[in-house]
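*Asks:* Okay, handing you the structure first.
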Amino acid sequence: MARIDGQRRGLSPTPLPRRARVLWRRTVRGGLDAVPIAVDARGALAAASSHAPELVQFSTDGTEMWRRPTGQGPSIAGVVLLNDGTRMLVTGAGEAVGLSASGGLRFRTSIESPGAGLAPSVFCPSKMGRLCSRRRIGSVALDGEGRPRFRVRLPERIQGPLLQRAPGLVTITQSGTVYVVQRGFAARLGELAETR
């Protein structure tokens with residue numbers, strides 16, 4: 001997250017090299033199938049296994065800094081960095097787990113009963129240090145300490161990502177309806193038109 005802009009355009013303020021080269025390789029127990037990694041402001045790389053319940057952090061030279069268990073299930077969407085540097089992930093067991101930059105447990109919060117519909121690609125870090133998680137038919141916002149701030153239920157399944165905007169979180173449901181989600185309610189903004 002430290003190298004991606006607030007609009008989530010995937011643009012880095014750091015110039016990229018003309019030719020990529022491998023600096024180091026490491027193996028993460030269980031693999032990294034479709035789970036994103038996070039790089040902090042100092043260049044440390046945090047990677048959550050997609051099959052093993054653990055989070056591992058490597059230094060800029062590839063040295064393993066620490067490896068910590070994440071509880072009952074593996075990460076369902078990788079790791080994100082909160083404003084204070086907390087490495088946070090949501091497990092398949094429905095827990096939000098936050099670890100400090102040194103690998104210490106900051107929080108473990110149950111946000112869903114196991115198997116009750118957490119969706120992949122669930123995270124949306126906000127500028128205020130919160131993190132929002134997309135569920136199949138709603139979302140939950142957590143504060144920087146992992147405590148739930150609010151939960152909102154929508155009338156149908158969320159299909160698209162959560163985007164942080166001035167009016168609140170914006171998301172799209174399966175039918176193409178666009179909602180803005182705020183504390184205690186979700187307001188319908190409109191529908192996506194099919195283009196031909």
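By convention here, the chains of the structure tokens are called A, B, ... in the order presented, each chain's residues are numbered starting at 1, and ligands are numbered starting at 1 in the order presented.
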What lies within 9 Å of Met65 (chain A) using only C-alpha atoms, ignoring chain neighbours under 3 positions off, as a list in words?
*Replies:*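 Returned residues: Ala44, Val56, Gln57, Phe58, Ser59, Gly62, Ser102 and Gly103 of chain A.
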*Asks:* Write the residues of the preceding selection, restricted to C-alpha atoms, as an mmCIF file, in the first residue's frame.
*Replies:*
```cif
data_model
loop_
_atom_site.group_PDB
_atom_site.id
_atom_site.type_symbol
_atom_site.label_atom_id
_atom_site.label_comp_id
_atom_site.auth_asym_id
_atom_site.auth_seq_id
_atom_site.Cartn_x
_atom_site.Cartn_y
_atom_site.Cartn_z
ATOM 1 C CA ALA A 44 9.577 -4.557 3.938
ATOM 2 C CA VAL A 56 5.497 -13.663 6.823
ATOM 3 C CA GLN A 57 7.561 -10.492 6.428
ATOM 4 C CA PHE A 58 10.791 -10.097 4.456
ATOM 5 C CA SER A 59 13.324 -7.262 4.522
ATOM 6 C CA GLY A 62 14.851 -10.904 1.151
ATOM 7 C CA SER A 102 7.597 -6.156 14.280
ATOM 8 C CA GLY A 103 5.133 -9.073 14.058
#
```
*Asks:* Using only C-alpha atoms, which protein or nucleic acid residues come within 12 Å of region 40-43 of chain A? Drop anything in the same chain fewer than 3 positions from it, and give the result as a PyMOL selection string.
*Replies:* chain A and resi 1-4+12-14+37+46-47+57-63+79-87+100-101
*Asks:* Which of these residues is nearest to Arg151 (chain A), using only C-alpha atoms: A:Val170, A:Leu16, A:Ala186, A:Leu89?
*Replies:*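 Residue with the minimum atom-to-atom distance to Arg151 (chain A): A:Ala186.
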*Asks:* What's the separation between CA of Ser110 (chain A) and CA of Glu95 (chain A), in Å to one decimal place?
*Replies:*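 Spanning CA of Ser110 (chain A) to CA of Glu95 (chain A) is a straight-line distance of 4.4 Å.
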*Asks:* May I have the residues within 6 Å of Gly30 (chain A) as an mmCIF file with N, CA and C atoms, in the first residue's frame, using only C-alpha atoms and disregarding those fewer than 2 positions away in the same chain?
*Replies:*
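Listing of part29.cif after writing:
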```
data_model
loop_
_atom_site.group_PDB
_atom_site.id
_atom_site.type_symbol
_atom_site.label_atom_id
_atom_site.label_comp_id
_atom_site.auth_asym_id
_atom_site.auth_seq_id
_atom_site.Cartn_x
_atom_site.Cartn_y
_atom_site.Cartn_z
ATOM 1 N N SER A 49 -0.071 -16.246 3.260
ATOM 2 C CA SER A 49 -0.278 -17.465 2.487
ATOM 3 C C SER A 49 -1.753 -17.646 2.166
ATOM 4 N N HIS A 51 -3.006 -20.599 1.589
ATOM 5 C CA HIS A 51 -3.400 -21.946 2.009
ATOM 6 C C HIS A 51 -2.984 -22.288 3.430
ATOM 7 N N ALA A 52 -2.055 -21.542 4.000
ATOM 8 C CA ALA A 52 -1.600 -21.795 5.370
ATOM 9 C C ALA A 52 -1.950 -20.578 6.229
#
```
*Asks:* Could you work out how far CA of Pro74 (chain A) lies from CA of Arg29 (chain A), giving the answer in Å with one decimal?
*Replies:*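 Between CA of Arg29 (chain A) and CA of Pro74 (chain A) the gap is 10.9 Å.
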*Asks:* I need the residue nearest Pro53 (chain A) from this list: A:Gly98, A:Gly73, A:Arg165, A:Trp66. Use only C-alpha atoms for the distance.
*Replies:*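 Smallest separation from Pro53 (chain A) among the options: A:Gly73.
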*Asks:* If we count only C-alpha atoms, what is near Gly168 (chain A) at a cut-off of 9 Å, once residues fewer than 5 positions away on the same chain are taken out, given as a PyMOL selection string?
*Replies:* chain A and resi 163+180-183
*Asks:* Run DSSP on the backbone and grab whatever in region 29-60 of chain A lands in strand (DSSP E); send it over as a PyMOL selection string.
*Replies:* chain A and resi 38-39+45-48+54-58
*Asks:* How many Å lie between CA of Thr173 (chain A) and CA of Ile76 (chain A), rounded to one decimal?
*Replies:*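 The value is 20.0 Å.
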*Asks:* Name the closest residue to Gly184 (chain A) among the candidates A:Arg149, A:Val90, A:Ile158, A:Thr171; distances are taken between atoms, counting only C-alpha atoms.
*Replies:*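 The answer is A:Arg149, which sits nearest to Gly184 (chain A).
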